[in-house]
file model.txt (compact mmCIF, C-alpha atoms)
# COMPACT_ATOMS: atom_id res chain seq x y z
CA MET L 31 26.14 -36.37 -123.01
CA ALA L 32 28.97 -34.12 -121.82
CA LEU L 33 28.59 -30.39 -122.35
CA THR L 34 30.52 -28.71 -125.14
CA ARG L 35 32.74 -25.73 -124.33
CA GLU L 36 30.05 -23.44 -125.75
CA GLN L 37 27.34 -25.00 -123.57
CA MET L 38 29.53 -24.59 -120.50
CA ALA L 39 29.92 -20.90 -121.36
CA GLN L 40 26.14 -20.60 -121.83
CA ARG L 41 25.50 -22.13 -118.42
CA VAL L 42 27.99 -19.81 -116.72
CA ALA L 43 26.34 -16.84 -118.43
CA ARG L 44 23.16 -17.61 -116.48
CA GLU L 45 25.03 -16.61 -113.32
CA LEU L 46 25.52 -13.07 -114.59
CA GLN L 47 23.47 -10.27 -113.08
CA ASP L 48 22.69 -6.77 -114.25
CA GLY L 49 25.41 -4.34 -113.19
CA PHE L 50 28.06 -7.02 -112.56
CA TYR L 51 31.76 -6.45 -113.20
CA VAL L 52 33.06 -9.85 -114.34
CA ASN L 53 36.57 -11.20 -114.93
CA LEU L 54 36.87 -14.03 -117.44
CA GLY L 55 39.93 -16.26 -117.20
CA ILE L 56 41.77 -17.96 -120.06
CA GLY L 57 40.15 -20.87 -121.89
CA ILE L 58 36.46 -21.77 -121.59
CA PRO L 59 35.70 -18.67 -119.44
CA THR L 60 36.50 -16.34 -122.34
CA LEU L 61 33.58 -17.83 -124.30
CA VAL L 62 31.12 -16.43 -121.74
CA ALA L 63 31.50 -13.06 -123.47
CA ASN L 64 29.51 -14.49 -126.40
CA TYR L 65 26.50 -15.41 -124.25
CA VAL L 66 25.75 -12.35 -122.12
CA PRO L 67 21.91 -12.16 -122.08
CA GLU L 68 20.52 -9.53 -124.41
CA GLY L 69 19.67 -6.30 -122.61
CA MET L 70 21.79 -7.14 -119.56
CA ASP L 71 24.31 -4.50 -118.48
CA VAL L 72 27.48 -6.42 -117.63
CA MET L 73 31.04 -5.11 -117.84
CA LEU L 74 33.64 -7.77 -118.60
CA GLN L 75 37.12 -7.13 -117.24
CA SER L 76 40.36 -8.53 -118.63
CA GLU L 77 43.39 -8.53 -116.36
CA ASN L 78 45.68 -7.12 -119.06
CA GLY L 79 43.79 -3.82 -118.82
CA LEU L 80 40.36 -3.75 -120.46
CA LEU L 81 37.03 -3.05 -118.79
CA GLY L 82 34.12 -3.47 -121.17
CA MET L 83 35.22 -6.50 -123.18
CA GLY L 84 32.76 -7.56 -125.87
CA ALA L 85 32.23 -10.72 -127.89
CA PHE L 86 34.91 -12.18 -130.15
CA PRO L 87 35.25 -10.16 -133.37
CA THR L 88 34.12 -11.19 -136.81
CA GLU L 89 36.74 -11.40 -139.55
CA ASP L 90 36.04 -7.87 -140.73
CA THR L 91 36.16 -6.31 -137.25
CA VAL L 92 39.41 -7.84 -135.97
CA ASP L 93 41.82 -5.39 -134.31
CA ALA L 94 45.14 -7.15 -133.63
CA ASP L 95 45.89 -4.72 -130.78
CA MET L 96 42.64 -5.46 -128.93
CA ILE L 97 43.31 -8.66 -126.99
CA ASN L 98 42.27 -10.39 -123.78
CA ALA L 99 44.56 -11.96 -121.17
CA GLY L 100 44.83 -15.10 -123.30
CA LYS L 101 46.13 -13.11 -126.32
CA GLN L 102 42.84 -13.66 -128.19
CA THR L 103 41.43 -10.76 -130.20
CA VAL L 104 38.28 -9.27 -128.68
CA THR L 105 35.96 -6.34 -129.13
CA ALA L 106 35.10 -3.50 -126.76
CA VAL L 107 31.57 -2.42 -125.86
CA LYS L 108 30.32 1.16 -125.69
CA GLY L 109 31.76 2.84 -122.60
CA ALA L 110 34.80 0.53 -122.39
CA SER L 111 38.00 1.69 -120.74
CA ILE L 112 41.60 0.66 -121.47
CA PHE L 113 44.28 1.04 -118.80
CA SER L 114 47.50 -0.47 -117.49
CA SER L 115 47.70 -3.95 -116.00
CA ALA L 116 48.76 -2.31 -112.71
CA GLU L 117 45.42 -0.50 -112.53
CA SER L 118 43.65 -3.68 -113.57
CA PHE L 119 45.17 -5.63 -110.70
CA ALA L 120 44.36 -2.84 -108.27
CA MET L 121 40.74 -3.32 -109.29
CA ILE L 122 41.02 -7.10 -108.80
CA ARG L 123 42.91 -6.94 -105.48
CA GLY L 124 40.56 -4.23 -104.19
CA GLY L 125 37.57 -6.57 -104.41
CA HIS L 126 35.82 -4.60 -107.16
CA VAL L 127 35.01 -7.64 -109.33
CA ASP L 128 31.55 -9.14 -108.71
CA LEU L 129 32.16 -12.49 -110.42
CA THR L 130 35.30 -14.31 -111.53
CA VAL L 131 35.23 -17.27 -113.92
CA LEU L 132 38.37 -19.43 -113.95
CA GLY L 133 39.63 -22.70 -115.33
CA ALA L 134 41.39 -25.25 -113.11
CA PHE L 135 43.35 -28.50 -113.05
CA GLU L 136 41.88 -29.60 -109.70
CA VAL L 137 39.37 -28.49 -107.06
CA ASP L 138 38.79 -30.19 -103.72
CA VAL L 139 36.05 -30.45 -101.09
CA GLN L 140 37.62 -27.69 -98.98
CA GLY L 141 37.30 -25.20 -101.84
CA ASN L 142 41.00 -25.30 -102.70
CA ILE L 143 41.98 -24.73 -106.33
CA ALA L 144 45.05 -25.82 -108.29
CA SER L 145 45.17 -24.06 -111.64
CA TRP L 146 48.65 -22.99 -112.55
CA MET L 147 51.25 -25.76 -112.46
CA ILE L 148 51.70 -29.46 -113.25
CA PRO L 149 55.18 -30.56 -112.09
CA GLY L 150 57.36 -31.65 -114.99
CA LYS L 151 55.32 -29.79 -117.59
CA LEU L 152 56.09 -26.43 -119.16
CA VAL L 153 53.62 -23.79 -117.98
CA LYS L 154 53.27 -20.10 -118.76
CA GLY L 155 53.21 -19.15 -115.09
CA MET L 156 50.75 -18.07 -112.45
CA GLY L 157 49.32 -15.15 -114.40
CA GLY L 158 46.63 -13.32 -112.44
CA ALA L 159 44.94 -16.39 -110.98
CA MET L 160 46.28 -15.97 -107.44
CA ASP L 161 45.14 -12.35 -107.31
CA LEU L 162 41.76 -13.24 -108.76
CA VAL L 163 40.93 -15.95 -106.22
CA ALA L 164 42.16 -13.77 -103.36
CA GLY L 165 40.24 -10.68 -104.44
CA ALA L 166 36.86 -12.21 -105.35
CA ASP L 167 34.15 -13.69 -103.15
CA ASN L 168 32.09 -15.02 -106.06
CA ILE L 169 34.08 -17.47 -108.21
CA ILE L 170 32.94 -20.12 -110.68
CA VAL L 171 35.44 -22.75 -111.82
CA THR L 172 34.92 -24.27 -115.27
CA MET L 173 36.76 -27.45 -116.24
CA THR L 174 36.30 -30.99 -117.46
CA HIS L 175 35.13 -33.37 -114.74
CA ALA L 176 37.99 -35.81 -115.43
CA SER L 177 41.36 -35.74 -117.17
CA LYS L 178 42.00 -37.31 -120.57
CA ASP L 179 43.15 -40.39 -118.65
CA GLY L 180 39.82 -40.57 -116.83
CA GLU L 181 41.19 -39.34 -113.51
CA SER L 182 38.80 -37.19 -111.47
CA LYS L 183 39.59 -33.50 -111.06
CA LEU L 184 37.15 -33.15 -108.15
CA LEU L 185 39.13 -34.43 -105.20
CA ASP L 186 39.16 -34.83 -101.43
CA LYS L 187 42.48 -32.98 -101.48
CA CYS L 188 44.28 -31.25 -104.35
CA SER L 189 47.51 -32.99 -105.34
CA LEU L 190 48.96 -30.09 -107.35
CA PRO L 191 50.41 -26.79 -106.04
CA LEU L 192 47.54 -24.57 -104.89
CA THR L 193 46.49 -21.31 -106.49
CA GLY L 194 44.23 -20.47 -103.56
CA ALA L 195 42.87 -22.10 -100.40
CA GLY L 196 39.23 -22.32 -99.35
CA CYS L 197 38.05 -19.85 -101.99
CA ILE L 198 35.92 -21.92 -104.39
CA ARG L 199 32.20 -22.51 -103.84
CA LYS L 200 30.90 -23.23 -107.37
CA VAL L 201 32.16 -25.65 -110.01
CA LEU L 202 30.80 -26.22 -113.50
CA THR L 203 32.19 -29.23 -115.35
CA ASP L 204 31.23 -30.81 -118.64
CA LEU L 205 29.05 -33.22 -116.62
CA ALA L 206 27.53 -31.19 -113.79
CA TYR L 207 27.10 -28.01 -111.79
CA LEU L 208 28.16 -28.43 -108.16
CA GLU L 209 28.52 -26.28 -105.06
CA ILE L 210 31.04 -26.84 -102.28
CA GLU L 211 29.69 -26.84 -98.75
CA ASP L 212 30.79 -28.42 -95.45
CA GLY L 213 33.61 -30.47 -96.97
CA ALA L 214 31.66 -31.95 -99.86
CA PHE L 215 30.60 -31.38 -103.44
CA ILE L 216 26.83 -30.84 -103.59
CA LEU L 217 25.37 -31.92 -106.93
CA ARG L 218 22.89 -29.27 -108.11
CA GLU L 219 22.49 -29.93 -111.84
CA THR L 220 23.41 -32.64 -114.32
CA ALA L 221 24.31 -32.12 -117.97
CA PRO L 222 21.58 -33.33 -120.34
CA GLY L 223 21.59 -37.10 -120.55
CA VAL L 224 24.33 -37.54 -117.92
CA SER L 225 23.38 -39.84 -115.06
CA VAL L 226 24.01 -39.21 -111.38
CA GLU L 227 25.82 -42.56 -111.34
CA GLU L 228 28.34 -41.40 -113.96
CA ILE L 229 28.98 -38.18 -112.05
CA ALA L 230 29.47 -40.10 -108.80
CA GLU L 231 31.86 -42.51 -110.49
CA LYS L 232 33.99 -39.64 -111.79
CA THR L 233 33.99 -37.61 -108.58
CA ALA L 234 36.82 -38.65 -106.26
CA GLY L 235 35.90 -36.19 -103.51
CA ARG L 236 32.96 -36.60 -101.15
CA LEU L 237 29.74 -36.10 -103.13
CA ILE L 238 26.27 -35.34 -101.77
CA VAL L 239 23.29 -35.89 -104.07
CA PRO L 240 20.15 -34.02 -102.91
CA ASP L 241 16.66 -35.13 -103.89
CA ASP L 242 16.04 -32.08 -106.08
CA VAL L 243 18.91 -32.36 -108.60
CA LYS L 244 17.90 -30.74 -111.89
CA GLU L 245 18.91 -31.45 -115.48
CA MET L 246 20.30 -28.47 -117.38
CA THR L 247 18.34 -27.25 -120.39
CA PHE L 248 19.66 -25.36 -123.42

call {"tool": "encode", "arguments": {"input": "model.txt", "output": "structure tokens"}}
result
Amino acid sequence: MALTREQMAQRVARELQDGFYVNLGIGIPTLVANYVPEGMDVMLQSENGLLGMGAFPTEDTVDADMINAGKQTVTAVKGASIFSSAESFAMIRGGHVDLTVLGAFEVDVQGNIASWMIPGKLVKGMGGAMDLVAGADNIIVTMTHASKDGESKLLDKCSLPLTGAGCIRKVLTDLAYLEIEDGAFILRETAPGVSVEEIAEKTAGRLIVPDDVKEMTF
């Protein structure tokens, strides 16, 4: 069974480490803020100028002026700092973010990512994605394994305009967790109840299946 958006966020949260500064992109990545392990000291950074982003607010704690990069209302943790987007991007471009979590339209076996434009469709623009993939060494892409039409998003070569080249090493989809090495997707974990055969069928790019593939638990 495919992972829900919340389960994908839970799985990404397992990649967090104490002391990390983490940027969460728009969409599924923002949900990771709700699943930071209790007792772990992680500072979540939003590109619009917030360091120390907390979980989504409850109805009685909503502050309309406290938003993330996706215009969603958020909370701030103790010790948070608010600053200009120029300072925020200086932090991103300076390589001061330990982990970046992004959505994508396509990823290929060379670690290329296409996440900002589908020709012929109205898009909001590049946003901070190009800066984020250029300024971070540790990036996790979260996305559905295939499009609504059943077309694979894990390709031999991206067909859409690139956001960044050769920068992606980890991909979490609703079906699997994969790493990119030596021109191939390496299957590391399957979603509960999802077969290796289904993953292989929906992966257009070269796929390697090791003997020790694990099933995710929640």

call {"tool": "residues_near_point", "arguments": {"input": "model.txt", "point": "(27.4, -27.0, -126.6)", "cutoff": "12 Å", "atoms": "only C-alpha atoms", "output": "ChimeraX atom specification"}}
result
/L:31-41,58,61,65,204-205,221-222,246-248

call {"tool": "write_last_selection", "arguments": {"input": "model.txt", "atoms": "C-alpha atoms", "output": "short mmCIF file (atom, residue, chain, number, x, y, z; two decimals), keeping the file's coordinate frame"}}
result
data_model
loop_
_atom_site.label_atom_id
_atom_site.label_comp_id
_atom_site.auth_asym_id
_atom_site.auth_seq_id
_atom_site.Cartn_x
_atom_site.Cartn_y
_atom_site.Cartn_z
CA MET L 31 26.14 -36.37 -123.01
CA ALA L 32 28.97 -34.12 -121.82
CA LEU L 33 28.59 -30.39 -122.35
CA THR L 34 30.52 -28.71 -125.14
CA ARG L 35 32.74 -25.73 -124.33
CA GLU L 36 30.05 -23.44 -125.75
CA GLN L 37 27.34 -25.00 -123.57
CA MET L 38 29.53 -24.59 -120.50
CA ALA L 39 29.92 -20.90 -121.36
CA GLN L 40 26.14 -20.60 -121.83
CA ARG L 41 25.50 -22.13 -118.42
CA ILE L 58 36.46 -21.77 -121.59
CA LEU L 61 33.58 -17.83 -124.30
CA TYR L 65 26.50 -15.41 -124.25
CA ASP L 204 31.23 -30.81 -118.64
CA LEU L 205 29.05 -33.22 -116.62
CA ALA L 221 24.31 -32.12 -117.97
CA PRO L 222 21.58 -33.33 -120.34
CA MET L 246 20.30 -28.47 -117.38
CA THR L 247 18.34 -27.25 -120.39
CA PHE L 248 19.66 -25.36 -123.42
#

call {"tool": "residues_around", "arguments": {"input": "model.txt", "residues": "region 72-74 of chain L", "least_positions_apart": "5", "cutoff": "9 Å", "atoms": "only C-alpha atoms", "output": "PyMOL selection string"}}
result
chain L and resi 46-54+63+66+80-84+107+110

call {"tool": "residues_around", "arguments": {"input": "model.txt", "residues": "Glu89 (chain L)", "least_positions_apart": "4", "cutoff": "12 Å", "atoms": "all atoms listed in the file", "output": "PyMOL selection string"}}
result
chain L and resi 93-94+103-105

call {"tool": "residues_around", "arguments": {"input": "model.txt", "residues": "Gly180 (chain L)", "least_positions_apart": "6", "cutoff": "12 Å", "atoms": "all atoms listed in the file", "output": "VMD selection string"}}
result
chain L and resid 174 228 231 to 234

call {"tool": "closest_residue", "arguments": {"input": "model.txt", "among": "L:Lys187, L:Lys178, L:Arg123, L:Lys200", "to": "Ala159 (chain L)", "atoms": "only C-alpha atoms"}}
result
L:Arg123

call {"tool": "atom_distance", "arguments": {"input": "model.txt", "atom1": "CA of Glu245 (chain L)", "atom2": "CA of Ala206 (chain L)"}}
result
8.8 Å

call {"tool": "closest_residue", "arguments": {"input": "model.txt", "among": "L:Gly223, L:Pro191, L:Gly158, L:Gly213", "to": "Gly79 (chain L)", "atoms": "all atoms listed in the file"}}
result
L:Gly158

call {"tool": "residues_near_point", "arguments": {"input": "model.txt", "point": "(18.0, -29.5, -107.4)", "cutoff": "7 Å", "atoms": "only C-alpha atoms", "output": "compact mmCIF listing (two decimals) with C-alpha atoms, in the frame of the given file"}}
result
# COMPACT_ATOMS: atom_id res chain seq x y z
CA ARG L 218 22.89 -29.27 -108.11
CA GLU L 219 22.49 -29.93 -111.84
CA PRO L 240 20.15 -34.02 -102.91
CA ASP L 241 16.66 -35.13 -103.89
CA ASP L 242 16.04 -32.08 -106.08
CA VAL L 243 18.91 -32.36 -108.60
CA LYS L 244 17.90 -30.74 -111.89

call {"tool": "atom_distance", "arguments": {"input": "model.txt", "atom1": "CA of Asp128 (chain L)", "atom2": "CA of Gly194 (chain L)"}}
result
17.8 Å

call {"tool": "atom_distance", "arguments": {"input": "model.txt", "atom1": "CA of Ile210 (chain L)", "atom2": "CA of Pro67 (chain L)"}}
result
26.3 Å

call {"tool": "residues_around", "arguments": {"input": "model.txt", "residues": "Phe215 (chain L)", "least_positions_apart": "2", "cutoff": "12 Å", "atoms": "only C-alpha atoms", "output": "VMD selection string"}}
result
chain L and resid 137 to 141 183 to 186 198 to 202 206 to 213 217 to 219 229 to 230 233 to 240

call {"tool": "write_last_selection", "arguments": {"input": "model.txt", "atoms": "C-alpha atoms", "output": "compact mmCIF listing (two decimals), keeping the file's coordinate frame"}}
result
# COMPACT_ATOMS: atom_id res chain seq x y z
CA VAL L 137 39.37 -28.49 -107.06
CA ASP L 138 38.79 -30.19 -103.72
CA VAL L 139 36.05 -30.45 -101.09
CA GLN L 140 37.62 -27.69 -98.98
CA GLY L 141 37.30 -25.20 -101.84
CA LYS L 183 39.59 -33.50 -111.06
CA LEU L 184 37.15 -33.15 -108.15
CA LEU L 185 39.13 -34.43 -105.20
CA ASP L 186 39.16 -34.83 -101.43
CA ILE L 198 35.92 -21.92 -104.39
CA ARG L 199 32.20 -22.51 -103.84
CA LYS L 200 30.90 -23.23 -107.37
CA VAL L 201 32.16 -25.65 -110.01
CA LEU L 202 30.80 -26.22 -113.50
CA ALA L 206 27.53 -31.19 -113.79
CA TYR L 207 27.10 -28.01 -111.79
CA LEU L 208 28.16 -28.43 -108.16
CA GLU L 209 28.52 -26.28 -105.06
CA ILE L 210 31.04 -26.84 -102.28
CA GLU L 211 29.69 -26.84 -98.75
CA ASP L 212 30.79 -28.42 -95.45
CA GLY L 213 33.61 -30.47 -96.97
CA LEU L 217 25.37 -31.92 -106.93
CA ARG L 218 22.89 -29.27 -108.11
CA GLU L 219 22.49 -29.93 -111.84
CA ILE L 229 28.98 -38.18 -112.05
CA ALA L 230 29.47 -40.10 -108.80
CA THR L 233 33.99 -37.61 -108.58
CA ALA L 234 36.82 -38.65 -106.26
CA GLY L 235 35.90 -36.19 -103.51
CA ARG L 236 32.96 -36.60 -101.15
CA LEU L 237 29.74 -36.10 -103.13
CA ILE L 238 26.27 -35.34 -101.77
CA VAL L 239 23.29 -35.89 -104.07
CA PRO L 240 20.15 -34.02 -102.91

call {"tool": "closest_residue", "arguments": {"input": "model.txt", "among": "L:Glu117, L:Ser111, L:Ala134, L:Pro87", "to": "Ile56 (chain L)", "atoms": "all atoms listed in the file"}}
result
L:Ala134
